[in-house]
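J.: There's a structure below that I have some questions on.
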Amino acid sequence: MIDCPTLTEKEIISFHKNGFIGPFTIYSPAEAKYLLAEIRKKNQNKEKAIFENNVNYDRHFDIPELAEHIAHPGIVGRLKSILAQNILCWRTEFFPKFPGAKATEWHQVFDYSYANGQAMLLPTGNTQDIFDLTVWTAFTEATRENGCMKFIPGTHTRKYYDEQQSIKIGRDRKYQSVIADTGFYGYDFSEFKIEKDWEPEEEEYTPIEMEPGQCIIFTSRCVHASYPNKTKKSTRFAISSRYVPTHVKVYPGQDSFYAHGSRFDLADYGCVLVSGEDSYHYNKLRALDNQNEPFLK
């Protein structure tokens with residue numbers, strides 16, 4: 001029988017209080033090192049990638065190791081403790097932080113409309129409930145020196161940023177994400193601040209240092225950021241997989257979207273059911289990856 005760990009009652013209470021929980025170990029350091037080598041190698045061949053883009057969205061469609069990762073029982077079992085039984089993976093993305101890379105600024109996301117003004121997630125249930133979870137898995141060591149994440153506990157219960165605000169940086173179609181000099185991948189997230197002078201004090205936030213193979217689970221409503229990579233040789237590499245319950249509409253009413261300097265055509269896109277059943281049928285589902293292999297569930 002596959003081990004499918006769940007969150008304890010104490011961990012569930014902690015998550016709802018803070019907006020994040022972890023880290024948890026899902027791979028050994030040796031497994032993480034092997035998987036990272038395979039992912040980096042296969043990342044070079046993008047012939048079967050679902051999108052042409054610089055941010056490597058949704059490579060679980062063409063990299064087998066990521067196709068397996070999104071349904072890892074150590075991840076899905078814990079997600080079910082928060083989101084219940086029926087869960088979709090709607091996005092994956094790479095987060096490398098190379099030596100010398102600047103910090104990722106504080107940000108808070110409710111429906112991902114920061115990218116272009118259109119909501120990418122639309123819950124049909126109680127919008128006060130948590131309807132998105134991100135699993136951020138470190139495949140290398142993540143430290144304060146090379147750019148680990150940090151969170152402000154409890155900030156998921158209040159809006160500090162408004163994604164619907166009109167902004168000047170990031171939504172221009174001439175934007176180039178690879179050269180944009182901002183702390184949030186081509187966007188200036190401070191433009192979304194509701195209180196423009198708000199800035200957290202160091203004692204308010206919690207750094208999360210991690211070993212290779214560990215993950216942290218959080219809602220993007222929780223204000224989070226990462227440190228700069230001050231090292232000369234240590235690249236921090238992580239992959240985020242993002243999940244919603246099946247009552248959430250993903251990219252509602254959109255056949256494409258524009259974000260981080262790229263256009264994403266959704267013709268071949270689909271959510272992946274990683275747990276339970278989809279009785280709502282709001283979203284197109286993908287049962288097979290682009291290697292014609294079935295996604296695990």
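Residues in the structure tokens are named by chain (A, B, ... in the order shown) and by number from 1 within that chain; ligands are numbered from 1 in the order shown.
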Do you have, as JSON lines, the list of residues of segment 2-89 of chain A lying at most 7 Å from segment 241-262 of chain A, each with its nearest atom pair and that distance in Å to one decimal, counting only C-alpha atoms and ordered by chain then number?

T.:
```
{"residue": "A:Asn53", "atom": "CA", "partner": "A:Ser262", "partner_atom": "CA", "distance": 5.9}
{"residue": "A:Ile70", "atom": "CA", "partner": "A:Ser241", "partner_atom": "CA", "distance": 6.4}
{"residue": "A:Leu83", "atom": "CA", "partner": "A:Pro245", "partner_atom": "CA", "distance": 6.1}
{"residue": "A:Asn86", "atom": "CA", "partner": "A:Pro245", "partner_atom": "CA", "distance": 5.7}
{"residue": "A:Ile87", "atom": "CA", "partner": "A:Pro245", "partner_atom": "CA", "distance": 4.5}
{"residue": "A:Leu88", "atom": "CA", "partner": "A:Val244", "partner_atom": "CA", "distance": 5.4}
{"residue": "A:Cys89", "atom": "CA", "partner": "A:Tyr243", "partner_atom": "CA", "distance": 4.4}
```

J.: With a distance cut-off of 10 Å and only C-alpha atoms, select the neighbouring residues of Pro200 of chain A, excluding the residue or stretch itself and same-chain residues fewer than 2 positions from it, and output the selection as a PyMOL selection string.

T.: chain A and resi 106+152+197-198+202-205+223

J.: Output the selection as a PDB file, in the first residue's frame - N, CA and C atoms for each residue.

T.:
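Output file out.pdb follows:
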```pdb
ATOM      1  N   TRP A 106       7.666  41.026  -1.605  1.00  0.00           N
ATOM      2  CA  TRP A 106       6.445  40.580  -0.950  1.00  0.00           C
ATOM      3  C   TRP A 106       5.276  40.640  -1.922  1.00  0.00           C
ATOM      4  N   ILE A 152       4.576  35.826   6.057  1.00  0.00           N
ATOM      5  CA  ILE A 152       4.064  36.604   7.176  1.00  0.00           C
ATOM      6  C   ILE A 152       2.838  35.876   7.703  1.00  0.00           C
ATOM      7  N   ASP A 197       2.238  52.663   2.111  1.00  0.00           N
ATOM      8  CA  ASP A 197       3.363  52.778   3.029  1.00  0.00           C
ATOM      9  C   ASP A 197       3.596  51.503   3.843  1.00  0.00           C
ATOM     10  N   TRP A 198       2.739  50.487   3.651  1.00  0.00           N
ATOM     11  CA  TRP A 198       2.880  49.273   4.450  1.00  0.00           C
ATOM     12  C   TRP A 198       4.143  48.504   4.061  1.00  0.00           C
ATOM     13  N   GLU A 202      10.999  42.917  10.206  1.00  0.00           N
ATOM     14  CA  GLU A 202      11.650  41.609  10.169  1.00  0.00           C
ATOM     15  C   GLU A 202      11.077  40.636  11.185  1.00  0.00           C
ATOM     16  N   GLU A 203      10.708  41.117  12.356  1.00  0.00           N
ATOM     17  CA  GLU A 203      10.197  40.208  13.381  1.00  0.00           C
ATOM     18  C   GLU A 203       8.810  39.670  13.046  1.00  0.00           C
ATOM     19  N   GLU A 204       8.159  40.232  12.021  1.00  0.00           N
ATOM     20  CA  GLU A 204       6.828  39.774  11.632  1.00  0.00           C
ATOM     21  C   GLU A 204       6.853  38.541  10.741  1.00  0.00           C
ATOM     22  N   TYR A 205       7.959  38.275  10.052  1.00  0.00           N
ATOM     23  CA  TYR A 205       7.924  37.194   9.077  1.00  0.00           C
ATOM     24  C   TYR A 205       8.760  35.995   9.495  1.00  0.00           C
ATOM     25  N   VAL A 223       0.866  36.450   2.533  1.00  0.00           N
ATOM     26  CA  VAL A 223       1.923  37.305   1.984  1.00  0.00           C
ATOM     27  C   VAL A 223       3.260  36.578   2.096  1.00  0.00           C
TER      28      VAL A 223
END
```

J.: Figure out the distance between atom CA of Asp132 of chain A and atom CA of Asp111 of chain A, please, to one decimal in Å.

T.: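 Computing it gives 8.7 Å between the two atoms.
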
J.: Could you name the residues that touch Ala32 of chain A at 9 Å or less, counting only C-alpha atoms, but leaving out those on the same chain fewer than 2 positions away, as JSON, numbers by chain?

T.: {"A": [27, 28, 29, 30, 34, 35, 36, 37, 138, 139, 140, 212, 213, 214]}

J.: Go ahead and save the residues from that selection, with C-alpha atoms, as a short mmCIF file (atom, residue, chain, number, x, y, z; two decimals), in the first residue's frame.

T.:
```cif
data_model
loop_
_atom_site.label_atom_id
_atom_site.label_comp_id
_atom_site.auth_asym_id
_atom_site.auth_seq_id
_atom_site.Cartn_x
_atom_site.Cartn_y
_atom_site.Cartn_z
CA TYR A 27 12.07 12.85 -1.27
CA SER A 28 15.42 11.91 0.19
CA PRO A 29 18.29 14.27 -0.70
CA ALA A 30 19.61 11.61 -3.09
CA TYR A 34 18.51 12.59 -9.18
CA LEU A 35 15.15 14.16 -10.05
CA LEU A 36 16.70 17.58 -10.46
CA ALA A 37 19.31 16.20 -12.88
CA ALA A 138 12.98 22.39 -2.97
CA PHE A 139 15.22 20.16 -5.08
CA THR A 140 18.33 21.84 -3.68
CA PRO A 212 16.58 19.00 -0.79
CA GLY A 213 13.38 16.96 -1.15
CA GLN A 214 11.31 18.99 1.30
#
```

J.: Taking the DSSP secondary structure from the backbone, can you list the residues of segment 160-220 of chain A that are strand (DSSP E or B), as a short mmCIF file (atom, residue, chain, number, x, y, z; two decimals) with C-alpha atoms, in the first residue's frame?

T.:
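What landed in states.cif:
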```
data_model
loop_
_atom_site.label_atom_id
_atom_site.label_comp_id
_atom_site.auth_asym_id
_atom_site.auth_seq_id
_atom_site.Cartn_x
_atom_site.Cartn_y
_atom_site.Cartn_z
CA TYR A 161 -2.68 43.79 -2.17
CA PHE A 184 8.55 39.92 -9.14
CA TYR A 187 5.93 43.06 -12.32
CA LYS A 193 -0.46 47.59 -2.34
CA THR A 206 9.04 33.58 9.17
CA PRO A 207 11.92 32.28 7.00
CA ILE A 208 11.53 28.67 5.83
CA MET A 210 14.62 23.59 3.58
CA GLN A 214 11.31 18.99 1.30
CA CYS A 215 8.16 20.94 0.48
CA ILE A 216 6.01 23.60 2.07
CA ILE A 217 2.27 24.00 1.52
CA PHE A 218 0.70 27.45 1.50
#
```

J.: Interatomic distance between atom CA of Gly154 of chain A and atom CA of Leu273 of chain A?

T.: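 Going from atom CA of Gly154 of chain A over to atom CA of Leu273 of chain A covers 29.3 Å.
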
J.: For each of A:Gln44, A:Pro294, A:Asn283, A:Arg221, take the minimum atom-to-atom distance to Phe131 of chain A, counting only C-alpha atoms, then give the residue where this is smallest.

T.: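 Once distances to Phe131 of chain A are computed over only C-alpha atoms, the minimum belongs to A:Arg221.
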
J.: In Å to one decimal, how far is atom CA of Val274 of chain A from atom CA of Gln108 of chain A?

T.: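 Calculated distance between atom CA of Gln108 of chain A and atom CA of Val274 of chain A is 25.4 Å.
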
J.: For the structure I just gave you, how does DSSP split segment 31-279 of chain A - specifically, which residues are helix (DSSP H, G or I)? Reply as an MDAnalysis selection string.

T.: chainID A and resid 31:43 59:61 64:69 73:83 155:157 189:192 202:204

J.: May I ask which of the residues A:His281, A:Lys42, A:Arg286, A:Lys232 is the closest one to Ala101 of chain A, counting only C-alpha atoms?

T.: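 The answer is A:Lys232, which sits nearest to Ala101 of chain A.
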
J.: Can you list, as a short mmCIF file (atom, residue, chain, number, x, y, z; two decimals) with N, CA and C atoms, in the first residue's frame, every protein, DNA or RNA residue that comes within 7 Å of Glu209 of chain A when you count only C-alpha atoms, leaving out same-chain residues fewer than 4 positions away?

T.:
```cif
data_model
loop_
_atom_site.label_atom_id
_atom_site.label_comp_id
_atom_site.auth_asym_id
_atom_site.auth_seq_id
_atom_site.Cartn_x
_atom_site.Cartn_y
_atom_site.Cartn_z
N ALA A 142 17.65 25.12 0.39
CA ALA A 142 17.11 26.48 0.34
C ALA A 142 17.42 27.15 1.67
N THR A 143 18.27 28.16 1.65
CA THR A 143 18.72 28.82 2.88
C THR A 143 18.50 30.33 2.75
N ARG A 144 18.70 31.04 3.84
CA ARG A 144 18.61 32.50 3.78
C ARG A 144 19.67 33.07 2.85
N CYS A 148 15.88 31.32 0.26
CA CYS A 148 14.71 30.57 0.73
C CYS A 148 13.49 31.49 0.83
#
```

J.: At a cut-off of 12 Å, using only C-alpha atoms, what residues contact Ser166 of chain A? Leave out same-chain residues fewer than 2 positions from it and give the result as a PyMOL selection string.

T.: chain A and resi 113-118+162-164+168-172+188-194

J.: List the spatial neighbours of Glu293 of chain A as number ranges by chain - criterion: any atom at most 12 Å away, only C-alpha atoms, same-chain residues fewer than 4 positions off excluded.

T.: A: 60-65, 67-68, 286-289

J.: Of the residues A:His224, A:Arg263, A:His156, A:Arg78, which is the one nearest to Ile130 of chain A, using only C-alpha atoms?

T.: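 Among the listed residues, A:His156 lies closest to Ile130 of chain A.
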
J.: Which residue is closest to Thr92 of chain A? Choose from A:Ile26, A:Cys271, A:Cys222, A:Ala119 and count only C-alpha atoms.

T.: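 Ranking A:Ile26, A:Cys271, A:Cys222, A:Ala119 by distance to Thr92 of chain A, first place goes to A:Cys271.
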
J.: So, counting only C-alpha atoms, which residue among A:Thr137, A:Asn45, A:Ser234, A:Ser81 is closest to Thr6 of chain A?

T.: A:Ser81
